[in-house]
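Below: my_file.tsv (TSV, C-alpha atoms)
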chain	number	residue	atom	x	y	z
A	1	MET	CA	0.00	0.00	0.00
A	2	THR	CA	1.17	3.53	-0.79
A	3	GLU	CA	2.50	5.59	2.12
A	4	ALA	CA	0.69	8.82	3.07
A	5	TYR	CA	2.97	11.64	4.21
A	6	ILE	CA	2.35	14.96	5.92
A	7	TYR	CA	4.10	17.67	3.95
A	8	ASP	CA	2.83	20.68	5.88
A	9	ALA	CA	0.42	21.61	8.66
A	10	ILE	CA	-0.80	25.10	9.49
A	11	ARG	CA	-3.47	26.72	11.62
A	12	THR	CA	-4.94	30.09	12.30
A	13	PRO	CA	-4.67	31.76	15.68
A	14	ARG	CA	-7.63	30.88	17.88
A	15	GLY	CA	-9.93	33.85	18.38
A	16	LYS	CA	-11.97	34.42	21.52
A	17	GLY	CA	-15.23	33.32	19.93
A	18	ARG	CA	-17.13	36.39	21.16
A	19	LYS	CA	-18.39	39.62	19.67
A	20	ASP	CA	-15.37	41.43	21.08
A	21	GLY	CA	-13.02	38.86	19.58
A	22	ALA	CA	-10.66	39.79	16.76
A	23	LEU	CA	-12.16	37.27	14.34
A	24	HIS	CA	-15.83	38.06	14.94
A	25	GLU	CA	-16.25	39.92	11.65
A	26	VAL	CA	-14.44	37.19	9.70
A	27	THR	CA	-16.77	34.60	8.17
A	28	SER	CA	-16.18	30.85	8.18
A	29	LEU	CA	-15.70	31.05	4.42
A	30	ARG	CA	-13.08	33.77	4.61
A	31	LEU	CA	-11.12	32.12	7.40
A	32	SER	CA	-11.16	28.84	5.47
A	33	SER	CA	-10.05	30.43	2.21
A	34	GLN	CA	-7.20	32.33	3.90
A	35	THR	CA	-6.02	29.07	5.44
A	36	LEU	CA	-6.13	27.29	2.08
A	37	ASN	CA	-4.26	30.17	0.42
A	38	ALA	CA	-1.54	30.10	3.07
A	39	LEU	CA	-1.00	26.38	2.54
A	40	LYS	CA	-0.95	26.82	-1.24
A	41	ASP	CA	1.54	29.69	-1.09
A	42	ARG	CA	3.88	28.04	1.43
A	43	ASN	CA	4.20	24.98	-0.75
A	44	ASN	CA	4.12	26.61	-4.20
A	45	LEU	CA	1.18	24.53	-5.33
A	46	SER	CA	-0.19	25.20	-8.80
A	47	GLY	CA	-3.00	23.90	-10.96
A	48	HIS	CA	-4.86	20.75	-10.02
A	49	ALA	CA	-2.28	20.05	-7.30
A	50	VAL	CA	-4.50	18.07	-4.95
A	51	GLU	CA	-7.30	15.60	-5.58
A	52	ASP	CA	-9.73	17.14	-3.11
A	53	VAL	CA	-10.17	19.41	-0.11
A	54	ILE	CA	-11.77	17.54	2.80
A	55	TRP	CA	-13.01	20.08	5.33
A	56	GLY	CA	-14.57	19.36	8.70
A	57	ASN	CA	-17.00	21.58	10.56
A	58	VAL	CA	-19.53	20.65	13.20
A	59	THR	CA	-22.38	23.15	13.17
A	60	GLN	CA	-23.30	22.98	9.49
A	61	VAL	CA	-25.94	25.70	9.34
A	62	MET	CA	-26.06	29.32	8.15
A	63	GLU	CA	-22.64	30.43	6.90
A	64	GLN	CA	-21.21	26.99	7.75
A	65	GLY	CA	-24.00	25.21	5.90
A	66	GLY	CA	-24.02	23.61	2.48
A	67	CYS	CA	-20.73	22.19	1.26
A	68	LEU	CA	-18.47	24.76	2.90
A	69	ALA	CA	-15.42	22.90	1.60
A	70	ARG	CA	-16.34	23.59	-2.02
A	71	SER	CA	-17.24	27.21	-1.27
A	72	ALA	CA	-13.85	27.64	0.43
A	73	VAL	CA	-12.03	26.28	-2.62
A	74	LEU	CA	-13.87	28.68	-4.92
A	75	ALA	CA	-13.21	31.61	-2.55
A	76	SER	CA	-9.50	30.73	-2.40
A	77	ASP	CA	-6.72	30.83	-4.99
A	78	LEU	CA	-6.88	27.06	-5.50
A	79	ASP	CA	-7.74	25.76	-8.96
A	80	GLU	CA	-11.50	25.47	-9.50
A	81	ARG	CA	-10.97	21.90	-10.73
A	82	ILE	CA	-10.30	20.91	-7.13
A	83	PRO	CA	-13.62	19.84	-5.54
A	84	GLY	CA	-14.50	19.92	-1.83
A	85	LEU	CA	-16.03	17.57	0.71
A	86	ALA	CA	-17.59	18.81	3.96
A	87	ILE	CA	-17.68	16.27	6.79
A	88	ASN	CA	-18.88	16.13	10.37
A	89	ARG	CA	-17.65	13.79	13.08
A	90	PHE	CA	-18.32	16.37	15.79
A	91	CYS	CA	-15.13	17.32	17.66
A	92	ALA	CA	-12.98	14.99	15.57
A	93	SER	CA	-14.08	16.44	12.22
A	94	GLY	CA	-10.68	17.95	11.45
A	95	MET	CA	-8.89	14.74	12.40
A	96	GLU	CA	-11.33	12.62	10.42
A	97	ALA	CA	-10.67	14.82	7.39
A	98	VAL	CA	-6.95	14.10	7.74
A	99	ASN	CA	-7.56	10.39	8.26
A	100	LEU	CA	-9.87	10.16	5.24
A	101	ALA	CA	-7.33	11.97	3.09
A	102	ALA	CA	-4.52	9.70	4.27
A	103	ASN	CA	-6.56	6.59	3.54
A	104	GLN	CA	-7.42	7.89	0.07
A	105	VAL	CA	-3.73	8.44	-0.67
A	106	LYS	CA	-2.84	5.02	0.71
A	107	GLY	CA	-5.49	3.46	-1.49
A	108	GLY	CA	-4.24	5.17	-4.62
A	109	ALA	CA	-7.18	7.58	-5.06
A	110	GLY	CA	-5.06	10.59	-6.01
A	111	MET	CA	-1.58	11.82	-5.15
A	112	ALA	CA	-2.47	14.48	-2.59
A	113	TYR	CA	-5.21	16.11	-0.51
A	114	ILE	CA	-5.70	19.14	1.68
A	115	ALA	CA	-7.57	18.21	4.86
A	116	GLY	CA	-8.60	20.13	7.94
A	117	GLY	CA	-11.51	22.14	9.19
A	118	VAL	CA	-13.00	25.31	10.61
A	119	GLU	CA	-15.39	26.46	13.31
A	120	MET	CA	-16.54	30.01	13.92
A	121	MET	CA	-18.15	29.48	17.30
A	122	GLY	CA	-18.60	33.20	17.88
A	123	ARG	CA	-20.70	33.48	14.72
A	124	VAL	CA	-22.47	30.10	14.47
A	125	ALA	CA	-23.64	29.01	17.90
A	126	MET	CA	-22.82	25.50	19.04
A	127	GLY	CA	-25.97	23.37	18.95
A	128	SER	CA	-27.85	25.67	16.57
A	129	ASP	CA	-28.14	22.81	14.09
A	130	GLY	CA	-30.60	21.03	16.40
A	131	ALA	CA	-28.86	17.65	16.58
A	132	ALA	CA	-31.29	14.75	16.88
A	133	ILE	CA	-29.29	13.08	19.66
A	134	ALA	CA	-30.07	16.10	21.86
A	135	VAL	CA	-33.55	17.20	20.78
A	136	ASP	CA	-35.43	14.17	19.46
A	137	PRO	CA	-37.02	12.32	22.41
A	138	SER	CA	-37.15	9.05	20.46
A	139	ILE	CA	-33.36	8.78	20.69
A	140	ALA	CA	-32.42	11.21	23.49
A	141	MET	CA	-34.50	9.38	26.11
A	142	GLU	CA	-33.60	5.91	24.88
A	143	GLN	CA	-29.88	6.71	25.00
A	144	TYR	CA	-30.04	8.61	28.33
A	145	PHE	CA	-28.72	11.77	26.72
A	146	VAL	CA	-27.02	14.36	28.94
A	147	PRO	CA	-25.01	17.44	27.91
A	148	GLN	CA	-21.25	17.02	27.55
A	149	GLY	CA	-20.46	18.92	30.72
A	150	ILE	CA	-22.52	16.44	32.71
A	151	SER	CA	-20.69	13.62	30.91
A	152	ALA	CA	-17.36	15.11	31.97
A	153	ASP	CA	-18.54	15.29	35.56
A	154	ILE	CA	-19.68	11.66	35.35
A	155	ILE	CA	-16.13	10.70	34.30
A	156	ALA	CA	-14.73	12.63	37.26
A	157	THR	CA	-17.14	10.87	39.60
A	158	GLU	CA	-16.60	7.41	38.14
A	159	TYR	CA	-12.80	7.58	38.13
A	160	GLY	CA	-12.20	9.59	41.29
A	161	PHE	CA	-10.96	12.96	39.99
A	162	THR	CA	-11.35	15.94	42.30
A	163	ARG	CA	-11.89	19.62	41.62
A	164	ASP	CA	-8.27	20.28	42.63
A	165	ASP	CA	-7.05	17.62	40.18
A	166	ALA	CA	-8.94	19.30	37.35
A	167	ASP	CA	-7.81	22.79	38.32
A	168	GLN	CA	-4.16	21.74	38.53
A	169	LEU	CA	-4.34	20.35	35.00
A	170	ALA	CA	-5.96	23.59	33.83
A	171	VAL	CA	-3.23	25.73	35.39
A	172	ALA	CA	-0.60	23.54	33.74
A	173	SER	CA	-2.31	23.96	30.36
A	174	GLN	CA	-2.21	27.74	30.70
A	175	GLN	CA	1.42	27.77	31.81
A	176	ARG	CA	2.51	25.44	29.02
A	177	ALA	CA	0.66	27.44	26.36
A	178	GLU	CA	2.23	30.68	27.56
A	179	LYS	CA	5.70	29.12	27.52
A	180	ALA	CA	5.14	27.68	24.06
A	181	TRP	CA	4.18	31.08	22.69
A	182	LYS	CA	7.04	32.88	24.43
A	183	GLU	CA	9.53	30.36	23.04
A	184	GLY	CA	8.10	30.60	19.55
A	185	ARG	CA	7.10	26.94	19.36
A	186	PHE	CA	4.08	27.78	17.18
A	187	LYS	CA	5.81	30.28	14.89
A	188	ASN	CA	6.18	27.91	11.94
A	189	SER	CA	2.59	26.73	11.96
A	190	VAL	CA	0.38	29.65	13.01
A	191	ILE	CA	-0.53	31.94	10.12
A	192	THR	CA	-1.54	35.59	10.35
A	193	ILE	CA	-5.14	36.54	9.57
A	194	THR	CA	-5.56	39.79	7.68
A	195	ASP	CA	-8.42	42.04	6.63
A	196	GLN	CA	-9.31	43.00	3.05
A	197	ASN	CA	-6.57	45.63	3.07
A	198	GLY	CA	-3.90	43.19	4.16
A	199	LEU	CA	-3.74	44.56	7.70
A	200	THR	CA	-3.24	42.08	10.53
A	201	ILE	CA	-6.36	41.11	12.43
A	202	LEU	CA	-4.90	38.37	14.62
A	203	ASP	CA	-1.51	36.68	14.89
A	204	HIS	CA	-1.73	34.89	18.26
A	205	ASP	CA	-4.14	32.79	20.31
A	206	GLU	CA	-6.19	35.44	22.08
A	207	TYR	CA	-8.17	33.17	24.42
A	208	MET	CA	-5.23	32.34	26.73
A	209	ARG	CA	-5.26	33.49	30.35
A	210	PRO	CA	-1.69	32.98	31.56
A	211	GLN	CA	-2.42	34.66	34.89
A	212	THR	CA	-4.62	31.70	35.85
A	213	ASP	CA	-3.78	30.08	39.17
A	214	MET	CA	-5.47	27.76	41.66
A	215	GLN	CA	-6.90	30.69	43.59
A	216	SER	CA	-8.59	32.28	40.58
A	217	LEU	CA	-10.00	28.94	39.46
A	218	GLY	CA	-11.23	28.25	42.98
A	219	SER	CA	-13.57	31.25	42.75
A	220	LEU	CA	-15.47	29.79	39.78
A	221	SER	CA	-18.76	27.99	40.29
A	222	PRO	CA	-19.31	24.55	38.77
A	223	ALA	CA	-20.76	25.18	35.33
A	224	PHE	CA	-23.02	22.16	35.08
A	225	GLN	CA	-24.29	21.70	38.62
A	226	ALA	CA	-27.58	23.57	38.13
A	227	MET	CA	-28.56	21.72	34.97
A	228	GLY	CA	-27.62	18.49	36.71
A	229	GLU	CA	-29.31	18.97	40.06
A	230	VAL	CA	-32.14	21.42	39.40
A	231	MET	CA	-33.63	21.85	35.94
A	232	PRO	CA	-33.80	19.89	33.76
A	233	GLY	CA	-32.22	17.45	36.24
A	234	PHE	CA	-29.73	15.58	34.05
A	235	ASP	CA	-28.08	13.99	37.10
A	236	LYS	CA	-31.22	11.88	37.53
A	237	VAL	CA	-30.96	10.74	33.92
A	238	ALA	CA	-27.32	9.80	34.43
A	239	MET	CA	-28.05	7.82	37.57
A	240	LEU	CA	-30.78	5.86	35.76
A	241	LYS	CA	-28.00	4.71	33.43
A	242	TYR	CA	-25.39	4.31	36.18
A	243	PRO	CA	-27.30	3.35	39.36
A	244	HIS	CA	-24.07	2.65	41.24
A	245	LEU	CA	-23.40	6.41	41.35
A	246	GLU	CA	-25.09	7.91	44.37
A	247	LYS	CA	-24.28	11.49	43.37
A	248	ILE	CA	-22.55	13.28	40.46
A	249	ASN	CA	-19.52	15.28	41.59
A	250	HIS	CA	-19.63	18.51	39.57
A	251	ILE	CA	-16.01	19.62	39.22
A	252	HIS	CA	-15.92	21.30	35.81
A	253	HIS	CA	-16.26	25.01	35.18
A	254	ALA	CA	-15.18	27.59	32.62
A	255	GLY	CA	-11.57	27.44	33.75
A	256	ASN	CA	-10.98	23.70	33.43
A	257	SER	CA	-13.10	23.11	30.32
A	258	SER	CA	-12.25	23.93	26.70
A	259	GLY	CA	-12.85	27.44	25.46
A	260	ILE	CA	-15.41	28.50	22.83
A	261	VAL	CA	-13.24	29.98	20.07
A	262	ASP	CA	-12.89	30.55	16.31
A	263	GLY	CA	-10.23	28.89	14.18
A	264	ALA	CA	-9.21	26.83	11.15
A	265	ALA	CA	-6.43	24.39	10.30
A	266	ALA	CA	-5.16	22.60	7.20
A	267	VAL	CA	-2.82	19.66	6.57
A	268	LEU	CA	-1.18	18.83	3.23
A	269	ILE	CA	-1.08	15.07	2.70
A	270	GLY	CA	0.40	13.25	-0.27
A	271	ASN	CA	2.36	10.29	-1.56
A	272	LYS	CA	6.04	10.19	-2.46
A	273	GLU	CA	5.43	11.13	-6.09
A	274	PHE	CA	3.57	14.27	-5.05
A	275	GLY	CA	6.56	15.47	-3.05
A	276	GLU	CA	8.90	14.78	-5.94
A	277	LYS	CA	6.66	16.67	-8.37
A	278	TYR	CA	6.50	19.82	-6.22
A	279	GLY	CA	9.96	19.61	-4.67
A	280	LEU	CA	8.59	19.06	-1.18
A	281	LYS	CA	10.12	17.03	1.62
A	282	PRO	CA	7.76	14.98	3.78
A	283	ARG	CA	7.83	15.76	7.49
A	284	ALA	CA	6.08	12.65	8.77
A	285	ARG	CA	4.12	9.66	7.60
A	286	ILE	CA	0.66	8.86	8.84
A	287	ARG	CA	1.34	5.47	10.32
A	288	ALA	CA	-2.21	4.61	11.38
A	289	ASN	CA	-5.65	5.96	12.17
A	290	ALA	CA	-8.72	4.60	13.91
A	291	LYS	CA	-12.20	5.45	15.13
A	292	ILE	CA	-14.61	3.80	17.53
A	293	GLY	CA	-18.07	4.14	19.08
A	294	THR	CA	-18.49	4.28	22.86
A	295	ASP	CA	-21.15	4.71	25.58
A	296	PRO	CA	-23.23	7.73	24.44
A	297	THR	CA	-24.13	8.94	27.94
A	298	ILE	CA	-20.71	9.21	29.55
A	299	MET	CA	-19.80	10.10	25.97
A	300	LEU	CA	-16.26	11.46	26.38
A	301	THR	CA	-14.25	8.33	27.19
A	302	GLY	CA	-13.42	7.59	23.53
A	303	PRO	CA	-9.68	8.39	23.64
A	304	VAL	CA	-9.04	5.31	25.81
A	305	PRO	CA	-10.68	2.56	23.70
A	306	VAL	CA	-9.65	4.11	20.38
A	307	THR	CA	-6.03	4.24	21.57
A	308	GLU	CA	-6.26	0.60	22.66
A	309	LYS	CA	-7.67	-0.22	19.22
A	310	ILE	CA	-5.08	1.66	17.15
A	311	LEU	CA	-2.19	0.22	19.15
A	312	SER	CA	-3.52	-3.33	18.95
A	313	GLU	CA	-4.22	-3.15	15.22
A	314	ASN	CA	-0.69	-1.97	14.54
A	315	GLY	CA	1.24	-4.25	16.88
A	316	MET	CA	2.25	-1.39	19.18
A	317	THR	CA	2.13	-0.63	22.90
A	318	ILE	CA	1.70	2.64	24.73
A	319	ASN	CA	5.46	2.64	25.33
A	320	ASP	CA	6.05	2.97	21.58
A	321	ILE	CA	4.57	6.48	21.66
A	322	ASP	CA	6.91	9.37	22.49
A	323	LEU	CA	4.36	12.20	22.71
A	324	PHE	CA	0.59	12.51	23.04
A	325	GLU	CA	-1.94	15.15	22.11
A	326	VAL	CA	-5.21	14.45	23.92
A	327	ASN	CA	-7.78	17.13	23.30
A	328	GLU	CA	-8.58	19.01	26.48
A	329	ALA	CA	-12.33	19.09	25.94
A	330	PHE	CA	-12.63	18.86	29.73
A	331	ALA	CA	-9.96	18.21	32.32
A	332	ALA	CA	-11.37	14.80	33.24
A	333	VAL	CA	-10.95	13.53	29.66
A	334	VAL	CA	-7.19	13.99	29.78
A	335	MET	CA	-6.89	12.74	33.35
A	336	ARG	CA	-8.78	9.57	32.46
A	337	PHE	CA	-6.46	8.97	29.49
A	338	MET	CA	-3.35	9.35	31.64
A	339	GLN	CA	-4.85	7.16	34.36
A	340	ALA	CA	-5.86	4.39	31.94
A	341	PHE	CA	-2.44	4.11	30.32
A	342	ASP	CA	-0.28	5.25	33.26
A	343	VAL	CA	1.16	7.98	31.04
A	344	ASP	CA	3.10	10.81	32.63
A	345	HIS	CA	1.75	14.32	32.07
A	346	ASP	CA	5.21	15.30	30.82
A	347	LYS	CA	4.38	13.46	27.59
A	348	VAL	CA	0.85	14.79	27.17
A	349	ASN	CA	-0.09	18.19	25.70
A	350	VAL	CA	3.34	19.59	26.45
A	351	ASN	CA	2.47	22.92	24.79
A	352	GLY	CA	-0.88	23.35	26.48
A	353	GLY	CA	-4.25	22.46	25.05
A	354	SER	CA	-7.84	23.50	24.49
A	355	ILE	CA	-8.36	24.56	28.10
A	356	ALA	CA	-5.82	27.32	27.53
A	357	MET	CA	-6.19	28.05	23.82
A	358	GLY	CA	-9.73	26.96	23.02
A	359	HIS	CA	-11.45	24.23	21.03
A	360	PRO	CA	-12.75	25.35	17.59
A	361	LEU	CA	-14.73	22.15	17.11
A	362	GLY	CA	-14.28	21.35	13.43
A	363	ALA	CA	-10.65	22.47	13.34
A	364	THR	CA	-9.19	21.05	16.54
A	365	GLY	CA	-8.45	17.56	15.25
A	366	ALA	CA	-6.25	18.94	12.47
A	367	MET	CA	-4.73	21.50	14.85
A	368	ILE	CA	-3.50	18.91	17.34
A	369	ILE	CA	-1.97	16.79	14.58
A	370	GLY	CA	0.02	19.84	13.48
A	371	THR	CA	0.99	20.67	17.05
A	372	LEU	CA	2.13	17.09	17.58
A	373	LEU	CA	4.24	17.17	14.42
A	374	ASP	CA	5.89	20.45	15.41
A	375	GLU	CA	6.73	19.13	18.87
A	376	LEU	CA	8.13	15.84	17.58
A	377	GLU	CA	10.51	17.89	15.43
A	378	ARG	CA	11.39	20.37	18.17
A	379	ALA	CA	12.02	17.68	20.78
A	380	ASP	CA	13.67	15.31	18.29
A	381	LYS	CA	11.17	12.54	19.00
A	382	GLU	CA	9.90	9.96	16.53
A	383	VAL	CA	6.33	8.78	17.13
A	384	GLY	CA	3.26	10.66	18.33
A	385	LEU	CA	-0.41	9.91	18.91
A	386	ALA	CA	-3.25	12.43	18.72
A	387	THR	CA	-6.74	11.61	19.95
A	388	LEU	CA	-10.06	13.25	20.77
A	389	CYS	CA	-13.27	12.43	22.57
A	390	ILE	CA	-16.36	12.95	20.42
A	391	ALA	CA	-19.95	13.95	21.13
A	392	SER	CA	-22.57	11.19	21.34
A	393	GLY	CA	-19.91	8.64	22.26
A	394	MET	CA	-17.04	8.16	19.80
A	395	GLY	CA	-13.27	8.37	19.71
A	396	ALA	CA	-10.69	9.04	16.99
A	397	ALA	CA	-6.92	8.69	16.88
A	398	THR	CA	-3.99	9.22	14.52
A	399	ILE	CA	-0.41	7.99	14.87
A	400	ILE	CA	2.29	9.88	12.99
A	401	GLU	CA	5.98	9.07	12.62
A	402	ARG	CA	8.76	11.42	11.54
A	403	VAL	CA	10.64	10.61	8.37
Transcribe the structure of this file into structure tokens.
Amino acid sequence: MTEAYIYDAIRTPRGKGRKDGALHEVTSLRLSSQTLNALKDRNNLSGHAVEDVIWGNVTQVMEQGGCLARSAVLASDLDERIPGLAINRFCASGMEAVNLAANQVKGGAGMAYIAGGVEMMGRVAMGSDGAAIAVDPSIAMEQYFVPQGISADIIATEYGFTRDDADQLAVASQQRAEKAWKEGRFKNSVITITDQNGLTILDHDEYMRPQTDMQSLGSLSPAFQAMGEVMPGFDKVAMLKYPHLEKINHIHHAGNSSGIVDGAAAVLIGNKEFGEKYGLKPRARIRANAKIGTDPTIMLTGPVPVTEKILSENGMTINDIDLFEVNEAFAAVVMRFMQAFDVDHDKVNVNGGSIAMGHPLGATGAMIIGTLLDELERADKEVGLATLCIASGMGAATIIERV
């Protein structure tokens, strides 16, 4: 089978995802097209250079509706002969785009692809697409649906994580992100977003709060306690599913959960012949990818079974992985991953994560693959694994290896 290589990976800065955020006036289409243009220009791509653009985004309504991938191609400087495919695997949409592209290359369906995603959470509200799993009683009641924040608190309760545990991980995420930016660890992958006159709108992750400490986090109220205990009483739903839990311990809040932000990311994936044609040197090969379905109520445990699956299918163990990117959707997700595999935090999210920088749903999966690649190069490591939990109970993972 043909090898699939990563030739480049870029991302936008992550905007605050609010009306006062720098990217609020930038549409999903414009952010996507600027990202595609940056990747094209950096790699001197011309003509029908790639077979397709596979673009993930989660809330596919309004400006993110239709086939946003095709619209982004037409709004960019890419050749109009390049089509576009919009996909949605919730929080793993950007990663699934990369994995689909890699598998297409491996199978011989074209020499190269651009894959990634976008989410403008400040412009298109999360949940505004009215997902059936949340709003249709015929499935929501049968599957004991609860919001993700409740799911995160169930994980904390089930596996014994305290509020202090979660807050300590959040402080570490902020400190690591600040250090990464100060040391320029993102300088080769983060592009600058400009306005129509070419003036800079944003060139750094604006959501970060490096002043965060245990004291400031301690003043925050649990974000999901009211919806769990009062109305609409999701704790009761959870305990119908898990009767061994006498009470849900609500430990998550705005400071130890991922931030609502705007952002986009793109990865250039191709075979050996593609690199030779355009004079590009591959940075890593995509060694493996996997996805899995999990319990839809606790919902966010997917990184553990999908990692077990990808390692088993490829004859590897956890000790074969040098670095990990585990999306910080909520603190408990990362803590459960480290607990399950007895992995030291020094190997996980070493440059901070979504708690510090934010989680632009459709883009994050591609972002963490790029972050992982950059860090493998910087630290002179060989093999990395990126993984995400996914809404409604799924998990996705990608293993990359430097070449």
Within 12 Å of file point (-27.9, 23.4, 19.2), counting all atoms listed in the file, expressed as a PyMOL selection string:
chain A and resi 58-61+121+124-136+147
Can you measure atom CA of A:Ile355 to atom CA of A:Arg402 for me? One decimal in Å is fine.
27.2 Å
Taking into account all atoms listed in the file, which residue in the set A:Val105, A:Leu361, A:Leu31, A:Gly393 is nearest to A:Gln196?
A:Leu31
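Atom CA of A:Ala102 is found 5.4 Å from atom CA of A:Ala4.
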If we count only C-alpha atoms and set the cut-off at 7 Å, which residues sit around stretch 377-392 of chain A, ignoring sequence neighbours fewer than 5 positions away in its own chain? Please answer as a PDB file with C-alpha atoms, in the frame of the given file.
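Final file, part-v1.pdb:
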ATOM      1  CA  PHE A  90     -18.320  16.370  15.790  1.00  0.00           C
ATOM      2  CA  CYS A  91     -15.130  17.320  17.660  1.00  0.00           C
ATOM      3  CA  ALA A  92     -12.980  14.990  15.570  1.00  0.00           C
ATOM      4  CA  PRO A 296     -23.230   7.730  24.440  1.00  0.00           C
ATOM      5  CA  MET A 299     -19.800  10.100  25.970  1.00  0.00           C
ATOM      6  CA  LEU A 300     -16.260  11.460  26.380  1.00  0.00           C
ATOM      7  CA  THR A 301     -14.250   8.330  27.190  1.00  0.00           C
ATOM      8  CA  GLY A 302     -13.420   7.590  23.530  1.00  0.00           C
ATOM      9  CA  PRO A 303      -9.680   8.390  23.640  1.00  0.00           C
ATOM     10  CA  ILE A 321       4.570   6.480  21.660  1.00  0.00           C
ATOM     11  CA  ASP A 322       6.910   9.370  22.490  1.00  0.00           C
ATOM     12  CA  LEU A 323       4.360  12.200  22.710  1.00  0.00           C
ATOM     13  CA  PHE A 324       0.590  12.510  23.040  1.00  0.00           C
ATOM     14  CA  GLU A 325      -1.940  15.150  22.110  1.00  0.00           C
ATOM     15  CA  VAL A 326      -5.210  14.450  23.920  1.00  0.00           C
ATOM     16  CA  ASN A 327      -7.780  17.130  23.300  1.00  0.00           C
ATOM     17  CA  ILE A 368      -3.500  18.910  17.340  1.00  0.00           C
ATOM     18  CA  ILE A 369      -1.970  16.790  14.580  1.00  0.00           C
ATOM     19  CA  LEU A 372       2.130  17.090  17.580  1.00  0.00           C
ATOM     20  CA  ALA A 397      -6.920   8.690  16.880  1.00  0.00           C
ATOM     21  CA  THR A 398      -3.990   9.220  14.520  1.00  0.00           C
ATOM     22  CA  ILE A 399      -0.410   7.990  14.870  1.00  0.00           C
ATOM     23  CA  ILE A 400       2.290   9.880  12.990  1.00  0.00           C
ATOM     24  CA  GLU A 401       5.980   9.070  12.620  1.00  0.00           C
ATOM     25  CA  ARG A 402       8.760  11.420  11.540  1.00  0.00           C
TER      26      ARG A 402
END
Do you know which residues are at most 8 Å from stretch 148-154 of chain A counting all atoms listed in the file, after dropping those on the same chain fewer than 5 positions away, and could you put them as an NGL selection string?
:A and (223-224 or 228 or 234-235 or 238 or 248-252 or 297-300 or 330 or 332-333 or 391)
Write out as JSON, numbers by chain the residues lying within 12 Å of A:Met335, counting all atoms listed in the file and excluding same-chain residues fewer than 3 positions away.
{"A": [152, 155, 156, 159, 160, 161, 162, 163, 165, 166, 167, 168, 169, 170, 256, 300, 301, 303, 304, 326, 327, 328, 329, 330, 331, 332, 338, 339, 340, 341, 342, 343, 344, 345, 348, 349]}
Take the residues that were just selected and, keeping C-alpha atoms, output them as a PDB file, keeping the file's coordinate frame.
ATOM      1  CA  ALA A 152     -17.360  15.110  31.970  1.00  0.00           C
ATOM      2  CA  ILE A 155     -16.130  10.700  34.300  1.00  0.00           C
ATOM      3  CA  ALA A 156     -14.730  12.630  37.260  1.00  0.00           C
ATOM      4  CA  TYR A 159     -12.800   7.580  38.130  1.00  0.00           C
ATOM      5  CA  GLY A 160     -12.200   9.590  41.290  1.00  0.00           C
ATOM      6  CA  PHE A 161     -10.960  12.960  39.990  1.00  0.00           C
ATOM      7  CA  THR A 162     -11.350  15.940  42.300  1.00  0.00           C
ATOM      8  CA  ARG A 163     -11.890  19.620  41.620  1.00  0.00           C
ATOM      9  CA  ASP A 165      -7.050  17.620  40.180  1.00  0.00           C
ATOM     10  CA  ALA A 166      -8.940  19.300  37.350  1.00  0.00           C
ATOM     11  CA  ASP A 167      -7.810  22.790  38.320  1.00  0.00           C
ATOM     12  CA  GLN A 168      -4.160  21.740  38.530  1.00  0.00           C
ATOM     13  CA  LEU A 169      -4.340  20.350  35.000  1.00  0.00           C
ATOM     14  CA  ALA A 170      -5.960  23.590  33.830  1.00  0.00           C
ATOM     15  CA  ASN A 256     -10.980  23.700  33.430  1.00  0.00           C
ATOM     16  CA  LEU A 300     -16.260  11.460  26.380  1.00  0.00           C
ATOM     17  CA  THR A 301     -14.250   8.330  27.190  1.00  0.00           C
ATOM     18  CA  PRO A 303      -9.680   8.390  23.640  1.00  0.00           C
ATOM     19  CA  VAL A 304      -9.040   5.310  25.810  1.00  0.00           C
ATOM     20  CA  VAL A 326      -5.210  14.450  23.920  1.00  0.00           C
ATOM     21  CA  ASN A 327      -7.780  17.130  23.300  1.00  0.00           C
ATOM     22  CA  GLU A 328      -8.580  19.010  26.480  1.00  0.00           C
ATOM     23  CA  ALA A 329     -12.330  19.090  25.940  1.00  0.00           C
ATOM     24  CA  PHE A 330     -12.630  18.860  29.730  1.00  0.00           C
ATOM     25  CA  ALA A 331      -9.960  18.210  32.320  1.00  0.00           C
ATOM     26  CA  ALA A 332     -11.370  14.800  33.240  1.00  0.00           C
ATOM     27  CA  MET A 338      -3.350   9.350  31.640  1.00  0.00           C
ATOM     28  CA  GLN A 339      -4.850   7.160  34.360  1.00  0.00           C
ATOM     29  CA  ALA A 340      -5.860   4.390  31.940  1.00  0.00           C
ATOM     30  CA  PHE A 341      -2.440   4.110  30.320  1.00  0.00           C
ATOM     31  CA  ASP A 342      -0.280   5.250  33.260  1.00  0.00           C
ATOM     32  CA  VAL A 343       1.160   7.980  31.040  1.00  0.00           C
ATOM     33  CA  ASP A 344       3.100  10.810  32.630  1.00  0.00           C
ATOM     34  CA  HIS A 345       1.750  14.320  32.070  1.00  0.00           C
ATOM     35  CA  VAL A 348       0.850  14.790  27.170  1.00  0.00           C
ATOM     36  CA  ASN A 349      -0.090  18.190  25.700  1.00  0.00           C
TER      37      ASN A 349
END
Hey, which of A:Val306, A:Gln211, A:Glu158, A:Ser221 ends up closest to A:Tyr242? Count only C-alpha atoms.
A:Glu158
Pick out the residues sitting within 8 Å of A:Ile201, and hand them over as an MDAnalysis selection string; count all atoms listed in the file, and ignore anything fewer than 6 positions along from it in its own chain.
chainID A and resid 22:23 192:195
What does the distance from atom CA of A:Met357 to atom CA of A:Leu29 come to in Å, to one decimal?
21.8 Å
So which one's closest to A:Val26, A:Ala264, A:Ala288, A:Leu39, A:Ala101? Using all atoms listed in the file, please.
A:Ala264
